[in-house]
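Coordinates as given in entry_33.pdb (PDB, C-alpha atoms, pLDDT in the B column):
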```pdb
ATOM      1  CA  MET K   1     -32.293 163.069  12.054  1.00 50.00           C
ATOM      2  CA  THR K   2     -31.034 164.912   8.963  1.00 60.00           C
ATOM      3  CA  ASN K   3     -32.652 164.070   5.658  1.00 74.00           C
ATOM      4  CA  ARG K   4     -30.152 163.590   2.852  1.00 75.00           C
ATOM      5  CA  PRO K   5     -30.964 163.848  -0.841  1.00 83.00           C
ATOM      6  CA  THR K   6     -31.399 160.441  -2.467  1.00 91.00           C
ATOM      7  CA  GLU K   7     -29.932 159.586  -5.859  1.00 95.00           C
ATOM      8  CA  HIS K   8     -30.001 156.428  -7.957  1.00 97.00           C
ATOM      9  CA  GLU K   9     -27.132 154.832  -9.836  1.00 97.00           C
ATOM     10  CA  VAL K  10     -26.869 151.805 -12.093  1.00 98.00           C
ATOM     11  CA  LEU K  11     -23.852 149.459 -11.932  1.00 98.00           C
ATOM     12  CA  ALA K  12     -22.793 146.415 -13.943  1.00 98.00           C
ATOM     13  CA  ALA K  13     -20.702 143.458 -12.793  1.00 98.00           C
ATOM     14  CA  VAL K  14     -19.407 142.234 -16.161  1.00 97.00           C
ATOM     15  CA  LEU K  15     -17.819 138.794 -15.888  1.00 98.00           C
ATOM     16  CA  ARG K  16     -15.909 136.458 -18.181  1.00 97.00           C
ATOM     17  CA  ILE K  17     -13.742 133.348 -17.825  1.00 97.00           C
ATOM     18  CA  ARG K  18     -10.193 133.744 -19.122  1.00 96.00           C
ATOM     19  CA  ASP K  19      -7.226 131.413 -18.542  1.00 93.00           C
ATOM     20  CA  GLY K  20      -9.294 129.312 -16.155  1.00 95.00           C
ATOM     21  CA  THR K  21     -10.175 132.268 -13.917  1.00 97.00           C
ATOM     22  CA  PRO K  22     -13.368 134.315 -13.486  1.00 98.00           C
ATOM     23  CA  GLN K  23     -12.633 137.962 -14.261  1.00 98.00           C
ATOM     24  CA  VAL K  24     -14.571 141.188 -13.684  1.00 98.00           C
ATOM     25  CA  LEU K  25     -14.350 144.486 -15.537  1.00 97.00           C
ATOM     26  CA  PHE K  26     -13.267 147.476 -13.407  1.00 97.00           C
ATOM     27  CA  TRP K  27     -12.311 151.080 -14.091  1.00 96.00           C
ATOM     28  CA  GLN K  28     -10.019 153.121 -11.856  1.00 97.00           C
ATOM     29  CA  ARG K  29     -11.533 156.181 -10.210  1.00 96.00           C
ATOM     30  CA  ALA K  30      -9.589 159.411 -10.697  1.00 93.00           C
ATOM     31  CA  ARG K  31     -11.632 161.563  -8.315  1.00 92.00           C
ATOM     32  CA  SER K  32     -12.696 161.474  -4.680  1.00 93.00           C
ATOM     33  CA  PRO K  33     -14.312 159.765  -2.954  1.00 93.00           C
ATOM     34  CA  ASP K  34     -12.280 156.558  -3.231  1.00 96.00           C
ATOM     35  CA  ALA K  35      -9.876 158.004  -5.819  1.00 96.00           C
ATOM     36  CA  GLY K  36      -7.482 155.361  -7.117  1.00 96.00           C
ATOM     37  CA  ARG K  37      -9.779 152.485  -6.222  1.00 98.00           C
ATOM     38  CA  TRP K  38     -11.409 150.229  -8.788  1.00 98.00           C
ATOM     39  CA  ALA K  39     -15.100 150.554  -9.599  1.00 98.00           C
ATOM     40  CA  LEU K  40     -17.736 148.780 -11.637  1.00 97.00           C
ATOM     41  CA  PRO K  41     -18.975 150.427 -14.844  1.00 96.00           C
ATOM     42  CA  GLY K  42     -22.019 152.595 -14.221  1.00 96.00           C
ATOM     43  CA  GLY K  43     -23.265 155.962 -13.104  1.00 95.00           C
ATOM     44  CA  ARG K  44     -26.292 158.096 -12.352  1.00 96.00           C
ATOM     45  CA  LEU K  45     -29.738 157.115 -13.602  1.00 97.00           C
ATOM     46  CA  ARG K  46     -31.069 159.867 -15.844  1.00 96.00           C
ATOM     47  CA  ASP K  47     -34.558 161.258 -15.480  1.00 95.00           C
ATOM     48  CA  ASP K  48     -35.464 160.142 -19.017  1.00 96.00           C
ATOM     49  CA  GLU K  49     -34.379 156.489 -18.793  1.00 96.00           C
ATOM     50  CA  ASP K  50     -35.185 153.263 -16.992  1.00 97.00           C
ATOM     51  CA  VAL K  51     -32.508 151.112 -15.359  1.00 98.00           C
ATOM     52  CA  GLU K  52     -32.254 148.712 -18.315  1.00 96.00           C
ATOM     53  CA  SER K  53     -31.588 151.430 -20.886  1.00 96.00           C
ATOM     54  CA  SER K  54     -29.264 153.157 -18.419  1.00 97.00           C
ATOM     55  CA  VAL K  55     -27.029 150.145 -17.882  1.00 96.00           C
ATOM     56  CA  LEU K  56     -26.704 149.556 -21.634  1.00 95.00           C
ATOM     57  CA  ARG K  57     -25.821 153.214 -22.198  1.00 95.00           C
ATOM     58  CA  GLN K  58     -23.209 153.195 -19.470  1.00 92.00           C
ATOM     59  CA  LEU K  59     -21.730 149.862 -20.487  1.00 93.00           C
ATOM     60  CA  ALA K  60     -21.252 151.278 -23.978  1.00 92.00           C
ATOM     61  CA  GLU K  61     -18.918 153.863 -22.455  1.00 88.00           C
ATOM     62  CA  LYS K  62     -16.576 151.143 -21.149  1.00 89.00           C
ATOM     63  CA  VAL K  63     -16.953 148.126 -23.446  1.00 89.00           C
ATOM     64  CA  ASP K  64     -18.367 147.307 -26.863  1.00 87.00           C
ATOM     65  CA  VAL K  65     -21.888 146.195 -25.899  1.00 83.00           C
ATOM     66  CA  ARG K  66     -21.933 143.862 -28.902  1.00 85.00           C
ATOM     67  CA  ASP K  67     -19.496 141.722 -26.907  1.00 93.00           C
ATOM     68  CA  VAL K  68     -21.799 141.568 -23.877  1.00 94.00           C
ATOM     69  CA  THR K  69     -23.777 138.398 -24.558  1.00 96.00           C
ATOM     70  CA  HIS K  70     -26.167 138.561 -21.607  1.00 96.00           C
ATOM     71  CA  VAL K  71     -27.383 141.248 -19.169  1.00 97.00           C
ATOM     72  CA  GLU K  72     -29.831 140.742 -16.305  1.00 98.00           C
ATOM     73  CA  GLN K  73     -30.821 142.691 -13.212  1.00 98.00           C
ATOM     74  CA  LEU K  74     -28.982 141.412 -10.170  1.00 98.00           C
ATOM     75  CA  SER K  75     -30.149 143.260  -7.052  1.00 98.00           C
ATOM     76  CA  VAL K  76     -30.692 146.634  -5.403  1.00 98.00           C
ATOM     77  CA  PHE K  77     -28.043 147.848  -2.950  1.00 98.00           C
ATOM     78  CA  SER K  78     -29.426 150.496  -0.619  1.00 96.00           C
ATOM     79  CA  ARG K  79     -27.394 150.530   2.590  1.00 95.00           C
ATOM     80  CA  PRO K  80     -27.583 154.147   3.823  1.00 93.00           C
ATOM     81  CA  ASP K  81     -23.799 154.502   4.194  1.00 92.00           C
ATOM     82  CA  ARG K  82     -22.713 152.644   1.048  1.00 95.00           C
ATOM     83  CA  VAL K  83     -21.502 155.936  -0.505  1.00 94.00           C
ATOM     84  CA  PRO K  84     -20.339 158.941   1.549  1.00 91.00           C
ATOM     85  CA  GLY K  85     -22.386 162.114   1.390  1.00 87.00           C
ATOM     86  CA  VAL K  86     -25.525 161.752  -0.695  1.00 88.00           C
ATOM     87  CA  ARG K  87     -27.809 158.763  -0.138  1.00 93.00           C
ATOM     88  CA  MET K  88     -27.066 156.588  -3.186  1.00 96.00           C
ATOM     89  CA  ILE K  89     -29.226 153.599  -4.136  1.00 97.00           C
ATOM     90  CA  ALA K  90     -27.706 151.264  -6.721  1.00 98.00           C
ATOM     91  CA  THR K  91     -29.469 148.892  -9.093  1.00 98.00           C
ATOM     92  CA  ALA K  92     -26.844 146.332 -10.084  1.00 98.00           C
ATOM     93  CA  PHE K  93     -26.781 144.148 -13.178  1.00 98.00           C
ATOM     94  CA  LEU K  94     -24.861 141.033 -14.160  1.00 98.00           C
ATOM     95  CA  GLY K  95     -23.273 141.097 -17.601  1.00 97.00           C
ATOM     96  CA  LEU K  96     -21.449 138.237 -19.325  1.00 97.00           C
ATOM     97  CA  VAL K  97     -18.775 138.178 -22.036  1.00 97.00           C
ATOM     98  CA  ARG K  98     -17.617 135.097 -23.953  1.00 97.00           C
ATOM     99  CA  SER K  99     -14.260 133.621 -22.947  1.00 97.00           C
ATOM    100  CA  ASP K 100     -12.814 134.181 -26.434  1.00 95.00           C
ATOM    101  CA  SER K 101     -13.944 137.819 -26.616  1.00 94.00           C
ATOM    102  CA  ASP K 102     -11.467 140.618 -26.043  1.00 91.00           C
ATOM    103  CA  PRO K 103     -13.449 143.845 -26.508  1.00 90.00           C
ATOM    104  CA  ALA K 104     -11.755 147.211 -26.744  1.00 89.00           C
ATOM    105  CA  ILE K 105     -11.830 149.071 -23.413  1.00 92.00           C
ATOM    106  CA  PRO K 106     -10.588 152.526 -22.290  1.00 93.00           C
ATOM    107  CA  ASP K 107      -7.142 153.033 -20.764  1.00 94.00           C
ATOM    108  CA  ASP K 108      -8.594 153.398 -17.255  1.00 94.00           C
ATOM    109  CA  THR K 109     -10.428 150.072 -17.515  1.00 95.00           C
ATOM    110  CA  THR K 110      -9.139 146.513 -17.206  1.00 96.00           C
ATOM    111  CA  TRP K 111     -10.109 142.956 -16.266  1.00 97.00           C
ATOM    112  CA  HIS K 112      -9.283 141.682 -12.772  1.00 98.00           C
ATOM    113  CA  SER K 113      -9.378 138.170 -11.360  1.00 98.00           C
ATOM    114  CA  ILE K 114     -12.273 137.697  -8.955  1.00 97.00           C
ATOM    115  CA  THR K 115      -9.989 135.609  -6.756  1.00 94.00           C
ATOM    116  CA  ALA K 116      -7.507 138.504  -6.350  1.00 96.00           C
ATOM    117  CA  LEU K 117      -9.490 141.731  -6.449  1.00 97.00           C
ATOM    118  CA  PRO K 118      -7.691 145.071  -6.119  1.00 97.00           C
ATOM    119  CA  PRO K 119      -8.914 147.682  -3.598  1.00 97.00           C
ATOM    120  CA  THR K 120     -12.478 148.393  -4.724  1.00 98.00           C
ATOM    121  CA  ALA K 121     -14.630 151.487  -4.392  1.00 97.00           C
ATOM    122  CA  PHE K 122     -17.529 151.592  -1.936  1.00 97.00           C
ATOM    123  CA  ASP K 123     -19.386 148.220  -1.805  1.00 98.00           C
ATOM    124  CA  HIS K 124     -18.423 147.092  -5.311  1.00 98.00           C
ATOM    125  CA  GLU K 125     -16.628 143.985  -4.050  1.00 98.00           C
ATOM    126  CA  VAL K 126     -19.937 142.854  -2.498  1.00 98.00           C
ATOM    127  CA  ILE K 127     -21.706 143.418  -5.820  1.00 98.00           C
ATOM    128  CA  VAL K 128     -19.063 141.380  -7.662  1.00 98.00           C
ATOM    129  CA  GLY K 129     -19.593 138.547  -5.178  1.00 98.00           C
ATOM    130  CA  ALA K 130     -23.344 138.668  -5.721  1.00 98.00           C
ATOM    131  CA  GLY K 131     -22.847 138.561  -9.475  1.00 98.00           C
ATOM    132  CA  HIS K 132     -20.528 135.576  -9.249  1.00 98.00           C
ATOM    133  CA  GLU K 133     -22.982 133.713  -7.022  1.00 97.00           C
ATOM    134  CA  ARG K 134     -25.808 134.439  -9.479  1.00 98.00           C
ATOM    135  CA  LEU K 135     -23.717 133.013 -12.320  1.00 98.00           C
ATOM    136  CA  ARG K 136     -22.807 129.895 -10.330  1.00 96.00           C
ATOM    137  CA  ALA K 137     -26.457 129.280  -9.483  1.00 96.00           C
ATOM    138  CA  LYS K 138     -27.706 129.782 -13.026  1.00 97.00           C
ATOM    139  CA  LEU K 139     -25.105 127.414 -14.456  1.00 96.00           C
ATOM    140  CA  SER K 140     -26.965 124.737 -12.506  1.00 94.00           C
ATOM    141  CA  TYR K 141     -30.524 125.306 -13.648  1.00 95.00           C
ATOM    142  CA  THR K 142     -30.369 127.313 -16.887  1.00 97.00           C
ATOM    143  CA  ASN K 143     -28.480 127.287 -20.184  1.00 97.00           C
ATOM    144  CA  ILE K 144     -26.540 130.463 -19.303  1.00 97.00           C
ATOM    145  CA  GLY K 145     -23.294 128.767 -20.310  1.00 97.00           C
ATOM    146  CA  PHE K 146     -24.055 129.882 -23.866  1.00 97.00           C
ATOM    147  CA  ALA K 147     -23.120 133.429 -22.863  1.00 97.00           C
ATOM    148  CA  MET K 148     -19.681 132.406 -21.537  1.00 97.00           C
ATOM    149  CA  VAL K 149     -18.218 130.029 -24.125  1.00 96.00           C
ATOM    150  CA  PRO K 150     -17.173 130.526 -27.741  1.00 96.00           C
ATOM    151  CA  ARG K 151     -19.871 129.746 -30.299  1.00 96.00           C
ATOM    152  CA  GLU K 152     -18.184 126.381 -30.919  1.00 97.00           C
ATOM    153  CA  PHE K 153     -16.272 124.434 -28.289  1.00 97.00           C
ATOM    154  CA  THR K 154     -15.025 121.025 -27.253  1.00 97.00           C
ATOM    155  CA  ILE K 155     -16.527 119.249 -24.254  1.00 97.00           C
ATOM    156  CA  SER K 156     -13.225 119.523 -22.395  1.00 95.00           C
ATOM    157  CA  ALA K 157     -13.183 123.305 -22.968  1.00 96.00           C
ATOM    158  CA  LEU K 158     -16.764 123.518 -21.722  1.00 97.00           C
ATOM    159  CA  ARG K 159     -15.814 121.484 -18.653  1.00 97.00           C
ATOM    160  CA  ASP K 160     -12.906 123.818 -17.936  1.00 97.00           C
ATOM    161  CA  LEU K 161     -15.170 126.879 -18.149  1.00 97.00           C
ATOM    162  CA  TYR K 162     -17.819 125.399 -15.853  1.00 97.00           C
ATOM    163  CA  SER K 163     -15.116 124.330 -13.378  1.00 96.00           C
ATOM    164  CA  ALA K 164     -13.610 127.823 -13.327  1.00 97.00           C
ATOM    165  CA  ALA K 165     -16.969 129.538 -12.870  1.00 97.00           C
ATOM    166  CA  LEU K 166     -18.199 127.118 -10.211  1.00 96.00           C
ATOM    167  CA  GLY K 167     -14.919 126.940  -8.325  1.00 95.00           C
ATOM    168  CA  HIS K 168     -14.728 123.152  -8.226  1.00 94.00           C
ATOM    169  CA  PRO K 169     -13.874 120.306 -10.636  1.00 94.00           C
ATOM    170  CA  VAL K 170     -16.559 119.073 -13.030  1.00 93.00           C
ATOM    171  CA  SER K 171     -16.567 115.761 -14.904  1.00 93.00           C
ATOM    172  CA  ALA K 172     -16.575 116.324 -18.676  1.00 95.00           C
ATOM    173  CA  THR K 173     -18.447 113.062 -19.263  1.00 94.00           C
ATOM    174  CA  ASN K 174     -21.180 113.808 -16.752  1.00 93.00           C
ATOM    175  CA  LEU K 175     -21.472 117.429 -17.825  1.00 94.00           C
ATOM    176  CA  GLN K 176     -22.009 116.345 -21.427  1.00 95.00           C
ATOM    177  CA  ARG K 177     -24.559 113.751 -20.302  1.00 94.00           C
ATOM    178  CA  VAL K 178     -26.573 116.242 -18.246  1.00 93.00           C
ATOM    179  CA  LEU K 179     -26.546 119.028 -20.843  1.00 95.00           C
ATOM    180  CA  THR K 180     -27.372 116.598 -23.655  1.00 95.00           C
ATOM    181  CA  ARG K 181     -30.291 115.200 -21.647  1.00 94.00           C
ATOM    182  CA  ARG K 182     -31.565 118.758 -21.303  1.00 95.00           C
ATOM    183  CA  THR K 183     -31.219 119.170 -25.114  1.00 95.00           C
ATOM    184  CA  LEU K 184     -28.821 122.077 -24.642  1.00 96.00           C
ATOM    185  CA  LEU K 185     -25.919 120.823 -26.771  1.00 97.00           C
ATOM    186  CA  GLU K 186     -25.729 119.888 -30.428  1.00 96.00           C
ATOM    187  CA  PRO K 187     -22.722 118.673 -32.441  1.00 96.00           C
ATOM    188  CA  THR K 188     -21.488 120.959 -35.207  1.00 97.00           C
ATOM    189  CA  GLY K 189     -20.139 118.086 -37.297  1.00 96.00           C
ATOM    190  CA  ALA K 190     -16.672 119.652 -37.195  1.00 96.00           C
ATOM    191  CA  VAL K 191     -13.616 118.832 -35.101  1.00 95.00           C
ATOM    192  CA  ALA K 192     -11.055 120.986 -33.333  1.00 91.00           C
ATOM    193  CA  PRO K 193      -7.521 121.284 -34.762  1.00 86.00           C
ATOM    194  CA  PRO K 194      -5.201 118.638 -33.299  1.00 78.00           C
ATOM    195  CA  GLY K 195      -3.086 119.680 -30.349  1.00 69.00           C
ATOM    196  CA  PRO K 196       0.725 119.502 -30.071  1.00 68.00           C
ATOM    197  CA  ALA K 197       0.526 115.906 -28.833  1.00 68.00           C
ATOM    198  CA  GLY K 198      -1.607 114.823 -31.779  1.00 64.00           C
ATOM    199  CA  GLY K 199      -4.240 112.200 -31.080  1.00 71.00           C
ATOM    200  CA  ARG K 200      -7.827 111.974 -32.181  1.00 82.00           C
ATOM    201  CA  PRO K 201      -9.367 115.407 -32.933  1.00 88.00           C
ATOM    202  CA  ALA K 202     -12.085 116.413 -30.472  1.00 93.00           C
ATOM    203  CA  ALA K 203     -15.609 117.012 -31.732  1.00 96.00           C
ATOM    204  CA  LEU K 204     -16.966 120.555 -31.649  1.00 98.00           C
ATOM    205  CA  PHE K 205     -20.340 121.384 -30.075  1.00 98.00           C
ATOM    206  CA  ARG K 206     -22.516 124.470 -29.706  1.00 98.00           C
ATOM    207  CA  PHE K 207     -25.433 125.495 -27.529  1.00 97.00           C
ATOM    208  CA  ALA K 208     -28.723 124.712 -29.246  1.00 96.00           C
ATOM    209  CA  ASP K 209     -30.349 127.853 -27.889  1.00 93.00           C
ATOM    210  CA  ARG K 210     -28.552 131.159 -27.324  1.00 91.00           C
ATOM    211  CA  SER K 211     -31.329 132.818 -25.350  1.00 94.00           C
ATOM    212  CA  LEU K 212     -31.721 132.254 -21.620  1.00 96.00           C
ATOM    213  CA  ARG K 213     -34.149 129.584 -20.433  1.00 95.00           C
ATOM    214  CA  VAL K 214     -34.657 127.504 -17.306  1.00 96.00           C
ATOM    215  CA  THR K 215     -33.761 123.890 -18.007  1.00 94.00           C
ATOM    216  CA  ASP K 216     -34.120 122.189 -14.618  1.00 91.00           C
ATOM    217  CA  ALA K 217     -35.380 124.426 -11.835  1.00 88.00           C
ATOM    218  CA  PHE K 218     -34.147 122.127  -9.053  1.00 86.00           C
ATOM    219  CA  ALA K 219     -30.746 121.115 -10.422  1.00 87.00           C
ATOM    220  CA  VAL K 220     -27.526 121.858  -8.544  1.00 85.00           C
ATOM    221  CA  LEU K 221     -24.043 121.401  -9.978  1.00 84.00           C
ATOM    222  CA  ARG K 222     -22.189 120.035  -6.986  1.00 78.00           C
ATOM    223  CA  PRO K 223     -18.505 119.272  -6.306  1.00 78.00           C
ATOM    224  CA  PRO K 224     -17.304 115.674  -6.694  1.00 68.00           C
ATOM    225  CA  GLY K 225     -19.041 113.551  -4.083  1.00 61.00           C
ATOM    226  CA  GLY K 226     -22.038 115.871  -3.929  1.00 55.00           C
ATOM    227  CA  TYR K 227     -25.572 114.533  -4.136  1.00 43.00           C
ATOM    228  CA  GLY K 228     -28.904 115.814  -5.279  1.00 46.00           C
ATOM    229  CA  ARG K 229     -31.120 116.007  -8.303  1.00 46.00           C
ATOM    230  CA  GLY K 230     -29.221 117.056 -11.413  1.00 47.00           C
ATOM    231  CA  ALA K 231     -25.888 116.880  -9.578  1.00 50.00           C
ATOM    232  CA  VAL K 232     -22.824 116.846 -11.816  1.00 49.00           C
ATOM    233  CA  PRO K 233     -19.750 115.460 -10.030  1.00 46.00           C
TER     234      PRO K 233
END
```

Rewrite the structure of this file - the entire thing - as structure tokens.
Amino acid sequence: MTNRPTEHEVLAAVLRIRDGTPQVLFWQRARSPDAGRWALPGGRLRDDEDVESSVLRQLAEKVDVRDVTHVEQLSVFSRPDRVPGVRMIATAFLGLVRSDSDPAIPDDTTWHSITALPPTAFDHEVIVGAGHERLRAKLSYTNIGFAMVPREFTISALRDLYSAALGHPVSATNLQRVLTRRTLLEPTGAVAPPGPAGGRPAALFRFADRSLRVTDAFAVLRPPGGYGRGAVP
């Protein structure tokens, strides 16, 4: 058995909801291996930094970190053959960007729909899937929605975002009821501009707390017809 040198990299699956679709930030590799394929932002862990400072440094090279509203460690990916050549262990993070944010990004970087990913480098598609699953889970039992929506929003816009992230329809009425019961939402006192069809202006809300907290550890946001504590049809 030949011992290979082991290196450590840090990667970030940065997600947002845009036009009703979950999107992930990728950059296109120009060099081998996997030249031309799309990769997550990241790179080697330096000797003088921990993984948290490393991911923020490397995100800053691809996106304005002021637009990244939440970052958390996702998982460690250590399959021996995940990268050819050197043994490469990856610590992956989940990052979130608000749906109304459009940060400046380099020419080699763009947003891609999670439902129609391009050819990805190495195991990055697996990491994107893990990040999406983490987001879906945390929408059920935390207030992480604050990191995905504009600072002010209508209940129907919030419903659309949750539906897109979860991958199934959500009732606006029940979503408002559940989040209000958890004291997550508060009215702003303002209303949204009327739409083309006119009608009564919709009230604007905001998240009461814009830092992550567990709100109901056992809740699950289920599709219509689902059952269970905290279920939102």

task: Carefully work through the PyMOL selection byres ((chain K and resi 84) around 12) for this structure and note down the residues it includes, as a list in words.
output: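 This file gives the following for the PyMOL selection byres ((chain K and resi 84) around 12): Arg4, Pro5, Thr6, Ser32, Pro33, Asp34, Arg79, Pro80, Asp81, Arg82, Val83, Gly85, Val86, Arg87, Met88, Ile89, Ala121, Phe122 and Asp123 of chain K.
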
- prompt: Which residues match the PyMOL selection byres ((chain K and resi 12) around 6) in the file above, as a list in words?
  reply: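 So the PyMOL selection byres ((chain K and resi 12) around 6), applied here, picks out Leu11, Ala13, Val14, Pro41, Ala92, Phe93 and Leu94 of chain K.
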
- prompt: Between K:Asp64, K:Glu152, K:Glu133, K:Asp48, which one has atoms that come closest to Ala202 in chain K, using all atoms listed in the file?
  reply: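 With all atoms listed in the file as the atom set, the closest residue is K:Glu152.
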
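Of the listed residues K:Leu161, K:Pro118, K:Arg44, K:Val191, the one whose atoms come nearest to Arg98 in chain K is K:Leu161, with distances taken using all atoms listed in the file.
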
task: Name all residues at most 6 Å from Thr109 in chain K (count only C-alpha atoms; drop same-chain ones fewer than 2 positions away) and give them as a list of chain:residue names.
output: K:Phe26, K:Trp27, K:Pro106, K:Asp107
